[in-house]
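A.B. asks: Dropping the structure in here first, questions after.
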Amino acid sequence: MPVDEREFFQEMTLRICSSLDVEQALARALEYLRRHVPADTIGLGFNELDAARIHVVSAVKRPKAAFIWVDDASEIRLSSALVRWIRSQEPDRPTAVISNTPDAFPVPMRDAFPGLLRDSAIFVRLDLHDDSVGALLVSARGLGRYQPRHAALLDMLRQPLAIAMMNARRYQQLHALYDQLAEDNRALSDDMQRSVGLEVVGADFGLRGVMEQVRRVAPTTSPVLVLGETGTGKEVIANAIHAGSARNGGPLISMQCGAIPDSLLDSELFGHEKGAFTGAGARKRGRFERADGGTLFLDEIGELSAEAQVKLLRVLQEKTLERVGGTETIAVDVRVVAATHRDLGAMVRAGTFREDLWYRLNVLPIRIPPLRLRQEDVPSLVQYFVKRKAREMNLVRTPRVRPSDLERLQRYDWPGNVRELQNVVERTLILSKGGTLEFPSLVGAALTEPPAEADRPFVPRTLDDVAAEHIGRVLEQVGWRISGPHGAAKILGVNASTLRFRMKKLGIERPRPSTNR
């Protein structure tokens, strides 16, 4: 009975393109193909002649059938003779080739496909859109099974097969990337839990009360506000909250609010559509979208403009957003952990921070004490930073810290808090030549005996004034170099762009050289 070619093409195309899972699609195609063409196996592959192999994308077979190559092989190795033979074949040769006898192909071909000695096969050449060459392989038990009409039917399927092959390759590549990213995410989450979720230095001493609050708030879904001076480790506490929550399998996305100009803030937080503004050459997801299912850490939230505060409040209330230049409403499931060194209550009273946003964030504030109020943590922090930095610097042995130096470090006030201590340890390790660290030679007078508290006159100052003075001193020490390994940004533990922004905001300018002679 003659085959209705139109029906055959339509039914086979529907089955071939029925699923991105190419093995499932081939199984459906084989089931229908057997009604019109002898077939016990069907497979798709593409040539990688530079690597002397044929990569098998997918293949299926009937029970007890055998492939014409080695069963369960994901690739077919090719001899140099077979590679030369394949390269010699003209592209315009017939696309469907029948093998009904063992001598239909040269010896190198039979070596690569041992099943050609016992089974019949049809090879259909597929010219793929990326200029590579693929093939459809159909085989049936026994010799002499195929006729020219069978090859003609399969030859009709070259275009849908080529499309299916390209889709399958892209799908496999995306699936491999997804698996790799998922594995990397799991590894990073494990590292984060080990480094901050379970090992917050000082958790048993100066930060005991802070960690008790972290353990209470982490399992909830409430926003968290982390308060503390610059350099006290607010991001570490945010990491610990994320690690202890049910969202620890999701992303933790951070944003330094004070480092982003107001003109770019909407794009950074909410994303933008292609063409939304000059330079928006492609769609971009914002921090909220990237943090979906996880946690968004907004550092220095007190730096947000009034307009940005309104938009942030709307997302927190409605849990939806729109990208800049877009009209689509996007639902997001994000927990916000915010941090600041500013007095937000005073800012609310002064009208520079929205009261409703303040109440939204201030569910359970966590205040991190400065290092000068928990000096019992200094020895543990020093040992922790020495070990970590020595490992990062690939030192053979971890240098020793003298007890006398630990005592001197413990007596220092550390105006730059933990970040300053970390930078002092790193500088000491860089300049150290032996197995014992020499702290006094680095910080000099800074680590001398401080005057008694009663001898110090207390002069109230704003946090901005203190920060401006400290940044100015560091800049003077490094000759006003901002970036680079020995620049002020490195010492202060911030990005160079962040430091420039803070300098502009605090009015810090390099003194002009004197013109007096």
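Naming works like this for the structure tokens: A, B, ... for the chains as they're shown, residue 1 at the start of each chain, ligands 1 onward in shown order.
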Mind checking which residues fall within 12 Å of A:Tyr32, counting only C-alpha atoms, ignoring those fewer than 6 positions away in the same chain, and posting them as a PyMOL selection string?

C.D. replies: chain A and resi 7-16+25-26+38-40+42

A.B. asks: Could you list, as a ChimeraX atom specification, every residue within 12 Å of A:Met503, counting only C-alpha atoms and ignoring same-chain residues fewer than 5 positions away?

C.D. replies: /A:258-259,464-465,467-472,475,480,482,488-489,496-498,508-510

A.B. asks: Residues near A:Ile68, anyone? I mean within 7 Å using only C-alpha atoms, not counting same-chain ones fewer than 4 positions away, as a PyMOL selection string.

C.D. replies: chain A and resi 113-116

A.B. asks: Mind the document's chain letters and residue numbers, and return as a PyMOL selection string the residues of stretch 156-276 of chain A that DSSP labels alpha helix (DSSP H).

C.D. replies: chain A and resi 158-192+208-217+234-243+262-270

A.B. asks: Taking 6 positions as the minimum chain separation for residues in the same chain, which residues sit within 10 Å of stretch 82-84 of chain A when counting only C-alpha atoms? Answer as JSON, numbers by chain.

C.D. replies: {"A": [47, 48, 49, 50, 51, 52, 53, 106, 107, 108, 109, 110, 111, 112]}

A.B. asks: How would the residues just chosen look if you wrote them out with all heavy atoms as a compact mmCIF listing (two decimals), in the first residue's frame?

C.D. replies:
# COMPACT_ATOMS: atom_id res chain seq x y z
N ASN A 47 29.11 15.48 13.31
CA ASN A 47 30.54 15.25 13.14
C ASN A 47 31.37 16.29 13.89
O ASN A 47 31.08 17.49 13.84
CB ASN A 47 30.91 15.30 11.65
CG ASN A 47 30.27 14.17 10.86
OD1 ASN A 47 29.84 13.19 11.42
ND2 ASN A 47 30.20 14.34 9.54
N GLU A 48 32.40 15.82 14.55
CA GLU A 48 33.45 16.68 15.12
C GLU A 48 34.77 16.14 14.57
O GLU A 48 35.56 15.52 15.27
CB GLU A 48 33.43 16.65 16.65
CG GLU A 48 32.17 17.27 17.25
CD GLU A 48 32.18 17.26 18.77
OE1 GLU A 48 32.85 16.37 19.37
OE2 GLU A 48 31.54 18.11 19.38
N LEU A 49 34.97 16.43 13.28
CA LEU A 49 36.10 15.80 12.59
C LEU A 49 37.44 16.30 13.12
O LEU A 49 38.42 15.55 13.11
CB LEU A 49 35.99 16.08 11.08
CG LEU A 49 34.74 15.49 10.40
CD1 LEU A 49 34.80 15.72 8.90
CD2 LEU A 49 34.59 14.00 10.71
N ASP A 50 37.50 17.56 13.58
CA ASP A 50 38.76 18.04 14.13
C ASP A 50 39.16 17.24 15.37
O ASP A 50 40.36 17.09 15.67
CB ASP A 50 38.66 19.53 14.49
CG ASP A 50 38.55 20.40 13.25
OD1 ASP A 50 38.96 19.93 12.17
OD2 ASP A 50 38.05 21.54 13.36
N ALA A 51 38.16 16.73 16.08
CA ALA A 51 38.43 15.91 17.26
C ALA A 51 38.37 14.43 16.93
O ALA A 51 38.44 13.59 17.84
CB ALA A 51 37.43 16.24 18.36
N ALA A 52 38.19 14.09 15.64
CA ALA A 52 38.15 12.69 15.18
C ALA A 52 37.07 11.90 15.91
O ALA A 52 37.31 10.80 16.43
CB ALA A 52 39.51 12.02 15.33
N ARG A 53 35.84 12.45 15.89
CA ARG A 53 34.76 11.73 16.55
C ARG A 53 33.42 12.18 15.99
O ARG A 53 33.30 13.24 15.37
CB ARG A 53 34.79 11.95 18.05
CG ARG A 53 34.51 13.38 18.46
CD ARG A 53 34.68 13.58 19.94
NE ARG A 53 34.43 14.97 20.33
CZ ARG A 53 34.62 15.44 21.55
NH1 ARG A 53 35.07 14.65 22.50
NH2 ARG A 53 34.38 16.71 21.82
N PRO A 106 33.54 1.68 3.02
CA PRO A 106 34.92 1.26 3.15
C PRO A 106 35.20 0.66 4.54
O PRO A 106 34.42 0.84 5.48
CB PRO A 106 35.72 2.55 2.93
CG PRO A 106 34.77 3.64 3.26
CD PRO A 106 33.42 3.14 2.85
N VAL A 107 36.33 -0.04 4.63
CA VAL A 107 36.69 -0.72 5.88
C VAL A 107 36.71 0.22 7.08
O VAL A 107 36.18 -0.13 8.16
CB VAL A 107 38.06 -1.44 5.73
CG1 VAL A 107 38.52 -1.99 7.08
CG2 VAL A 107 37.94 -2.54 4.69
N PRO A 108 37.30 1.44 7.00
CA PRO A 108 37.29 2.33 8.18
C PRO A 108 35.88 2.62 8.69
O PRO A 108 35.66 2.77 9.88
CB PRO A 108 37.97 3.60 7.67
CG PRO A 108 38.83 3.15 6.55
CD PRO A 108 38.06 2.05 5.88
N MET A 109 34.89 2.69 7.76
CA MET A 109 33.52 2.94 8.16
C MET A 109 32.97 1.73 8.92
O MET A 109 32.30 1.87 9.95
CB MET A 109 32.65 3.24 6.94
CG MET A 109 31.24 3.69 7.25
SD MET A 109 31.22 5.39 7.88
CE MET A 109 29.48 5.75 7.80
N ARG A 110 33.27 0.54 8.44
CA ARG A 110 32.79 -0.67 9.11
C ARG A 110 33.46 -0.85 10.46
O ARG A 110 32.86 -1.41 11.38
CB ARG A 110 33.04 -1.89 8.21
CG ARG A 110 32.28 -1.81 6.89
CD ARG A 110 32.19 -3.18 6.24
NE ARG A 110 33.49 -3.71 5.83
CZ ARG A 110 34.04 -3.51 4.64
NH1 ARG A 110 33.39 -2.76 3.73
NH2 ARG A 110 35.20 -4.04 4.32
N ASP A 111 34.72 -0.36 10.59
CA ASP A 111 35.39 -0.45 11.89
C ASP A 111 34.70 0.44 12.93
O ASP A 111 34.59 0.09 14.10
CB ASP A 111 36.86 -0.04 11.76
CG ASP A 111 37.66 -1.06 10.97
OD1 ASP A 111 37.19 -2.23 10.86
OD2 ASP A 111 38.75 -0.70 10.47
N ALA A 112 34.25 1.63 12.49
CA ALA A 112 33.59 2.55 13.41
C ALA A 112 32.16 2.12 13.72
O ALA A 112 31.63 2.41 14.79
CB ALA A 112 33.59 3.96 12.83

A.B. asks: Could you give me, as a list in words, the residues within 8 Å of A:Thr428, counting only C-alpha atoms and dropping anything in the same chain fewer than 4 positions from it?

C.D. replies: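 Here the qualifying residues turn out to be Val424, Ser432, Leu437, Glu438, Phe439 and Leu442 of chain A.
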
A.B. asks: Could you work out how far atom CA of A:Ala240 lies from atom CA of A:Leu429, giving the answer in Å with one decimal?

C.D. replies: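 One can read the atom CA of A:Leu429 to atom CA of A:Ala240 distance as 27.6 Å.
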
A.B. asks: Quick one: pick out all strand (DSSP E or B) residues within stretch 81-300 of chain A from a backbone DSSP run and write them as JSON, numbers by chain.

C.D. replies: {"A": [96, 97, 98, 99, 119, 120, 121, 122, 123, 124, 125, 126, 127, 133, 134, 135, 136, 137, 138, 139, 140, 141, 142, 224, 225, 226, 227, 252, 253, 254, 255, 256, 272, 284, 295, 296, 297, 298, 299]}

A.B. asks: For each of A:Glu289, A:Asp21, A:Gln317, A:Val401, take the minimum atom-to-atom distance to A:Arg360, counting only C-alpha atoms, then give the residue where this is smallest.

C.D. replies: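 Under the stated criterion, the closest residue is A:Gln317.
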
A.B. asks: Which residue, A:Glu376, A:Glu273, A:Glu300, A:Glu235, has the smallest gap to A:Arg411 when you use only C-alpha atoms?

C.D. replies: A:Glu376

A.B. asks: If I take atom CA of A:Leu20 and atom CA of A:Gly294, how far is one from the other in Å, to one decimal?

C.D. replies: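 We find that atom CA of A:Leu20 and atom CA of A:Gly294 lie 29.0 Å from each other.
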
A.B. asks: Extract, using only C-alpha atoms, all DNA, RNA and protein residues at most 10 Å from stretch 204-216 of chain A, discarding same-chain residues fewer than 6 positions from it, and format them as a list in words.

C.D. replies: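 Skipping anything fewer than 6 positions along the chain leaves Gly197, Val224, Val226, Ile237, Ala238, Ala240, Ile241, His242, Gly244, Ser245, Leu364, Pro365, Ile366, Arg367, Ile368, Pro369, Pro370, Leu371, Leu373, Arg374, Gln375, Glu376, Asp377, Val378 and Ser380 of chain A.
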
A.B. asks: If you keep N, CA, C and O atoms, can you produce a file of those selected residues as an mmCIF file, in the first residue's frame?

C.D. replies:
data_model
loop_
_atom_site.group_PDB
_atom_site.id
_atom_site.type_symbol
_atom_site.label_atom_id
_atom_site.label_comp_id
_atom_site.auth_asym_id
_atom_site.auth_seq_id
_atom_site.Cartn_x
_atom_site.Cartn_y
_atom_site.Cartn_z
ATOM 1 N N GLY A 197 27.865 31.985 58.124
ATOM 2 C CA GLY A 197 26.647 31.505 58.771
ATOM 3 C C GLY A 197 26.941 30.811 60.075
ATOM 4 O O GLY A 197 26.156 30.867 61.020
ATOM 5 N N VAL A 224 14.835 43.029 57.873
ATOM 6 C CA VAL A 224 15.755 43.216 58.992
ATOM 7 C C VAL A 224 16.559 44.484 58.738
ATOM 8 O O VAL A 224 16.991 44.735 57.608
ATOM 9 N N VAL A 226 19.985 46.322 59.978
ATOM 10 C CA VAL A 226 21.249 46.136 60.686
ATOM 11 C C VAL A 226 21.890 47.511 60.854
ATOM 12 O O VAL A 226 22.133 48.216 59.867
ATOM 13 N N ILE A 237 26.852 40.032 59.037
ATOM 14 C CA ILE A 237 25.616 39.697 59.747
ATOM 15 C C ILE A 237 24.483 39.435 58.751
ATOM 16 O O ILE A 237 23.671 38.522 58.938
ATOM 17 N N ALA A 238 24.423 40.212 57.664
ATOM 18 C CA ALA A 238 23.412 39.967 56.627
ATOM 19 C C ALA A 238 23.601 38.579 56.019
ATOM 20 O O ALA A 238 22.629 37.850 55.768
ATOM 21 N N ALA A 240 24.902 36.018 57.525
ATOM 22 C CA ALA A 240 24.494 35.038 58.536
ATOM 23 C C ALA A 240 22.978 34.904 58.592
ATOM 24 O O ALA A 240 22.450 33.796 58.766
ATOM 25 N N ILE A 241 22.257 36.020 58.437
ATOM 26 C CA ILE A 241 20.789 35.969 58.417
ATOM 27 C C ILE A 241 20.313 35.143 57.226
ATOM 28 O O ILE A 241 19.427 34.295 57.348
ATOM 29 N N HIS A 242 20.914 35.389 56.060
ATOM 30 C CA HIS A 242 20.533 34.631 54.862
ATOM 31 C C HIS A 242 20.855 33.147 55.036
ATOM 32 O O HIS A 242 20.040 32.282 54.701
ATOM 33 N N GLY A 244 21.020 31.397 57.693
ATOM 34 C CA GLY A 244 20.180 30.739 58.680
ATOM 35 C C GLY A 244 18.710 30.722 58.329
ATOM 36 O O GLY A 244 17.891 30.233 59.109
ATOM 37 N N SER A 245 18.360 31.223 57.154
ATOM 38 C CA SER A 245 16.959 31.297 56.759
ATOM 39 C C SER A 245 16.590 30.146 55.838
ATOM 40 O O SER A 245 17.450 29.411 55.347
ATOM 41 N N LEU A 364 12.750 44.370 63.487
ATOM 42 C CA LEU A 364 13.660 43.921 64.531
ATOM 43 C C LEU A 364 15.053 44.452 64.206
ATOM 44 O O LEU A 364 15.833 43.794 63.505
ATOM 45 N N PRO A 365 15.376 45.648 64.679
ATOM 46 C CA PRO A 365 16.703 46.196 64.383
ATOM 47 C C PRO A 365 17.789 45.422 65.132
ATOM 48 O O PRO A 365 17.611 45.044 66.293
ATOM 49 N N ILE A 366 18.903 45.196 64.449
ATOM 50 C CA ILE A 366 20.065 44.537 65.055
ATOM 51 C C ILE A 366 21.197 45.547 65.063
ATOM 52 O O ILE A 366 21.640 45.984 64.001
ATOM 53 N N ARG A 367 21.653 45.907 66.245
ATOM 54 C CA ARG A 367 22.715 46.908 66.360
ATOM 55 C C ARG A 367 24.034 46.206 66.661
ATOM 56 O O ARG A 367 24.142 45.469 67.640
ATOM 57 N N ILE A 368 25.022 46.436 65.795
ATOM 58 C CA ILE A 368 26.341 45.828 65.975
ATOM 59 C C ILE A 368 27.226 46.798 66.752
ATOM 60 O O ILE A 368 27.452 47.932 66.293
ATOM 61 N N PRO A 369 27.738 46.396 67.889
ATOM 62 C CA PRO A 369 28.592 47.315 68.653
ATOM 63 C C PRO A 369 29.918 47.539 67.940
ATOM 64 O O PRO A 369 30.437 46.634 67.275
ATOM 65 N N PRO A 370 30.490 48.732 68.046
ATOM 66 C CA PRO A 370 31.798 48.977 67.430
ATOM 67 C C PRO A 370 32.868 48.139 68.122
ATOM 68 O O PRO A 370 32.693 47.669 69.255
ATOM 69 N N LEU A 371 33.998 47.988 67.450
ATOM 70 C CA LEU A 371 35.056 47.125 67.964
ATOM 71 C C LEU A 371 35.621 47.648 69.279
ATOM 72 O O LEU A 371 36.056 46.856 70.126
ATOM 73 N N LEU A 373 34.070 48.689 71.723
ATOM 74 C CA LEU A 373 33.210 48.262 72.829
ATOM 75 C C LEU A 373 33.207 46.747 72.997
ATOM 76 O O LEU A 373 32.496 46.226 73.863
ATOM 77 N N ARG A 374 33.931 46.051 72.173
ATOM 78 C CA ARG A 374 34.053 44.586 72.316
ATOM 79 C C ARG A 374 35.497 44.178 72.028
ATOM 80 O O ARG A 374 35.767 43.332 71.178
ATOM 81 N N GLN A 375 36.388 44.795 72.783
ATOM 82 C CA GLN A 375 37.806 44.553 72.541
ATOM 83 C C GLN A 375 38.227 43.125 72.861
ATOM 84 O O GLN A 375 39.299 42.694 72.443
ATOM 85 N N GLU A 376 37.365 42.392 73.589
ATOM 86 C CA GLU A 376 37.681 40.987 73.846
ATOM 87 C C GLU A 376 37.671 40.154 72.573
ATOM 88 O O GLU A 376 38.206 39.035 72.541
ATOM 89 N N ASP A 377 37.072 40.694 71.487
ATOM 90 C CA ASP A 377 37.044 39.974 70.209
ATOM 91 C C ASP A 377 38.305 40.185 69.383
ATOM 92 O O ASP A 377 38.519 39.475 68.392
ATOM 93 N N VAL A 378 39.133 41.175 69.750
ATOM 94 C CA VAL A 378 40.289 41.513 68.915
ATOM 95 C C VAL A 378 41.242 40.339 68.719
ATOM 96 O O VAL A 378 41.644 40.043 67.591
ATOM 97 N N SER A 380 40.725 37.093 68.746
ATOM 98 C CA SER A 380 40.123 36.109 67.839
ATOM 99 C C SER A 380 40.082 36.630 66.412
ATOM 100 O O SER A 380 40.344 35.880 65.451
#

A.B. asks: Taking only C-alpha atoms into account, which of A:Ile330, A:Ile301, A:Leu395, A:Leu44 comes nearest A:Met347?

C.D. replies: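 Comparing A:Ile330, A:Ile301, A:Leu395, A:Leu44 against A:Met347, the winner is A:Ile301.
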
A.B. asks: Can you tell me which residues surround stretch 381-389 of chain A at a distance of at most 9 Å, considering only C-alpha atoms, apart from same-chain residues fewer than 3 positions away, and format the answer as a tab-separated table (two decimals) with all heavy atoms, in the first residue's frame?

C.D. replies:
chain	number	residue	atom	x	y	z
A	201	VAL	N	33.09	35.50	63.79
A	201	VAL	CA	34.09	35.69	64.83
A	201	VAL	C	33.56	36.64	65.88
A	201	VAL	O	33.10	37.74	65.57
A	201	VAL	CB	35.41	36.23	64.22
A	201	VAL	CG1	36.45	36.40	65.33
A	201	VAL	CG2	35.92	35.30	63.14
A	202	GLY	N	33.60	36.21	67.14
A	202	GLY	CA	33.05	37.00	68.23
A	202	GLY	C	31.66	36.58	68.63
A	202	GLY	O	31.05	37.18	69.52
A	377	ASP	N	37.07	40.69	71.49
A	377	ASP	CA	37.04	39.97	70.21
A	377	ASP	C	38.31	40.19	69.38
A	377	ASP	O	38.52	39.48	68.39
A	377	ASP	CB	35.84	40.43	69.37
A	377	ASP	CG	34.51	39.98	69.96
A	377	ASP	OD1	34.53	39.05	70.81
A	377	ASP	OD2	33.47	40.55	69.61
A	378	VAL	N	39.13	41.17	69.75
A	378	VAL	CA	40.29	41.51	68.92
A	378	VAL	C	41.24	40.34	68.72
A	378	VAL	O	41.64	40.04	67.59
A	378	VAL	CB	41.03	42.75	69.49
A	378	VAL	CG1	42.38	42.95	68.78
A	378	VAL	CG2	40.17	43.99	69.34
A	392	GLU	N	45.11	32.91	51.61
A	392	GLU	CA	44.90	33.60	50.33
A	392	GLU	C	46.23	33.95	49.66
A	392	GLU	O	46.33	33.96	48.43
A	392	GLU	CB	44.08	34.87	50.56
A	392	GLU	CG	42.64	34.63	50.96
A	392	GLU	CD	41.90	35.91	51.27
A	392	GLU	OE1	42.52	37.00	51.11
A	392	GLU	OE2	40.73	35.85	51.67
A	393	MET	N	47.26	34.23	50.47
A	393	MET	CA	48.56	34.61	49.94
A	393	MET	C	49.47	33.40	49.69
A	393	MET	O	50.63	33.56	49.32
A	393	MET	CB	49.24	35.59	50.90
A	393	MET	CG	48.48	36.91	51.05
A	393	MET	SD	49.00	37.91	52.49
A	393	MET	CE	50.70	38.28	52.03
A	394	ASN	N	48.90	32.18	49.91
A	394	ASN	CA	49.64	30.93	49.65
A	394	ASN	C	50.95	30.86	50.45
A	394	ASN	O	51.97	30.39	49.95
A	394	ASN	CB	49.94	30.77	48.15
A	394	ASN	CG	48.69	30.64	47.32
A	394	ASN	OD1	47.74	29.95	47.71
A	394	ASN	ND2	48.66	31.30	46.18
A	395	LEU	N	50.90	31.32	51.70
A	395	LEU	CA	52.07	31.22	52.55
A	395	LEU	C	52.24	29.78	53.01
A	395	LEU	O	51.26	29.08	53.31
A	395	LEU	CB	51.93	32.13	53.76
A	395	LEU	CG	51.81	33.64	53.48
A	395	LEU	CD1	51.74	34.42	54.78
A	395	LEU	CD2	52.99	34.13	52.64
A	398	THR	N	51.64	29.65	58.56
A	398	THR	CA	50.90	30.78	59.10
A	398	THR	C	51.78	31.49	60.13
A	398	THR	O	52.23	30.87	61.10
A	398	THR	CB	49.60	30.32	59.77
A	398	THR	OG1	48.80	29.63	58.80
A	398	THR	CG2	48.83	31.50	60.32
A	399	PRO	N	52.06	32.79	59.94
A	399	PRO	CA	52.93	33.50	60.88
A	399	PRO	C	52.34	33.54	62.29
A	399	PRO	O	51.12	33.44	62.48
A	399	PRO	CB	53.02	34.91	60.28
A	399	PRO	CG	52.66	34.75	58.85
A	399	PRO	CD	51.65	33.64	58.80
A	400	ARG	N	53.22	33.72	63.25
A	400	ARG	CA	52.82	33.76	64.65
A	400	ARG	C	52.61	35.22	65.08
A	400	ARG	O	53.27	36.12	64.58
A	400	ARG	CB	53.91	33.12	65.51
A	400	ARG	CG	53.55	32.93	66.98
A	400	ARG	CD	54.64	32.14	67.68
A	400	ARG	NE	55.88	32.90	67.73
A	400	ARG	CZ	56.19	33.75	68.71
A	400	ARG	NH1	55.34	33.95	69.71
A	400	ARG	NH2	57.34	34.40	68.71
A	401	VAL	N	51.69	35.42	66.00
A	401	VAL	CA	51.44	36.74	66.57
A	401	VAL	C	51.86	36.70	68.03
A	401	VAL	O	51.41	35.85	68.80
A	401	VAL	CB	49.96	37.14	66.46
A	401	VAL	CG1	49.73	38.54	67.03
A	401	VAL	CG2	49.49	37.08	65.01
A	406	LEU	N	49.21	41.25	70.62
A	406	LEU	CA	47.77	41.10	70.78
A	406	LEU	C	47.25	42.06	71.85
A	406	LEU	O	46.18	42.66	71.70
A	406	LEU	CB	47.40	39.66	71.14
A	406	LEU	CG	47.50	38.63	70.02
A	406	LEU	CD1	47.18	37.24	70.54
A	406	LEU	CD2	46.54	38.98	68.88
A	409	LEU	N	47.26	45.56	70.33
A	409	LEU	CA	46.14	45.69	69.39
A	409	LEU	C	44.82	45.80	70.13
A	409	LEU	O	43.90	46.51	69.69
A	409	LEU	CB	46.11	44.49	68.45
A	409	LEU	CG	47.26	44.37	67.45
A	409	LEU	CD1	47.27	42.99	66.81
A	409	LEU	CD2	47.19	45.44	66.38
A	418	VAL	N	36.32	46.72	62.44
A	418	VAL	CA	36.89	45.44	61.99
A	418	VAL	C	37.60	45.60	60.66
A	418	VAL	O	38.62	44.96	60.40
A	418	VAL	CB	35.77	44.37	61.88
A	418	VAL	CG1	36.34	43.05	61.37
A	418	VAL	CG2	35.10	44.16	63.23
A	421	LEU	N	41.08	46.78	61.26
A	421	LEU	CA	41.89	45.69	61.80
A	421	LEU	C	42.29	44.72	60.70
A	421	LEU	O	43.45	44.28	60.62
A	421	LEU	CB	41.11	44.97	62.90
A	421	LEU	CG	41.76	43.71	63.48
A	421	LEU	CD1	43.10	44.03	64.10
A	421	LEU	CD2	40.83	43.06	64.51
A	422	GLN	N	41.37	44.38	59.82
A	422	GLN	CA	41.67	43.47	58.72
A	422	GLN	C	42.75	44.04	57.82
A	422	GLN	O	43.67	43.32	57.40
A	422	GLN	CB	40.39	43.22	57.91
A	422	GLN	CG	40.60	42.31	56.70
A	422	GLN	CD	39.31	42.09	55.94
A	422	GLN	OE1	38.22	42.32	56.45
A	422	GLN	NE2	39.42	41.63	54.71
A	425	VAL	N	46.18	43.82	59.51
A	425	VAL	CA	46.71	42.45	59.44
A	425	VAL	C	47.24	42.15	58.05
A	425	VAL	O	48.33	41.58	57.88
A	425	VAL	CB	45.61	41.44	59.83
A	425	VAL	CG1	46.08	40.01	59.53
A	425	VAL	CG2	45.25	41.57	61.30
A	426	GLU	N	46.49	42.56	57.01
A	426	GLU	CA	46.93	42.28	55.64
A	426	GLU	C	48.24	43.01	55.32
A	426	GLU	O	49.16	42.42	54.72
A	426	GLU	CB	45.84	42.68	54.65
A	426	GLU	CG	46.16	42.28	53.21
A	426	GLU	CD	44.98	42.49	52.28
A	426	GLU	OE1	43.92	42.94	52.75
A	426	GLU	OE2	45.12	42.18	51.08
A	429	LEU	N	51.12	41.24	57.02
A	429	LEU	CA	51.51	40.01	56.34
A	429	LEU	C	52.31	40.30	55.08
A	429	LEU	O	53.28	39.60	54.76
A	429	LEU	CB	50.26	39.19	55.99
A	429	LEU	CG	49.65	38.37	57.13
A	429	LEU	CD1	48.28	37.84	56.73
A	429	LEU	CD2	50.56	37.20	57.50
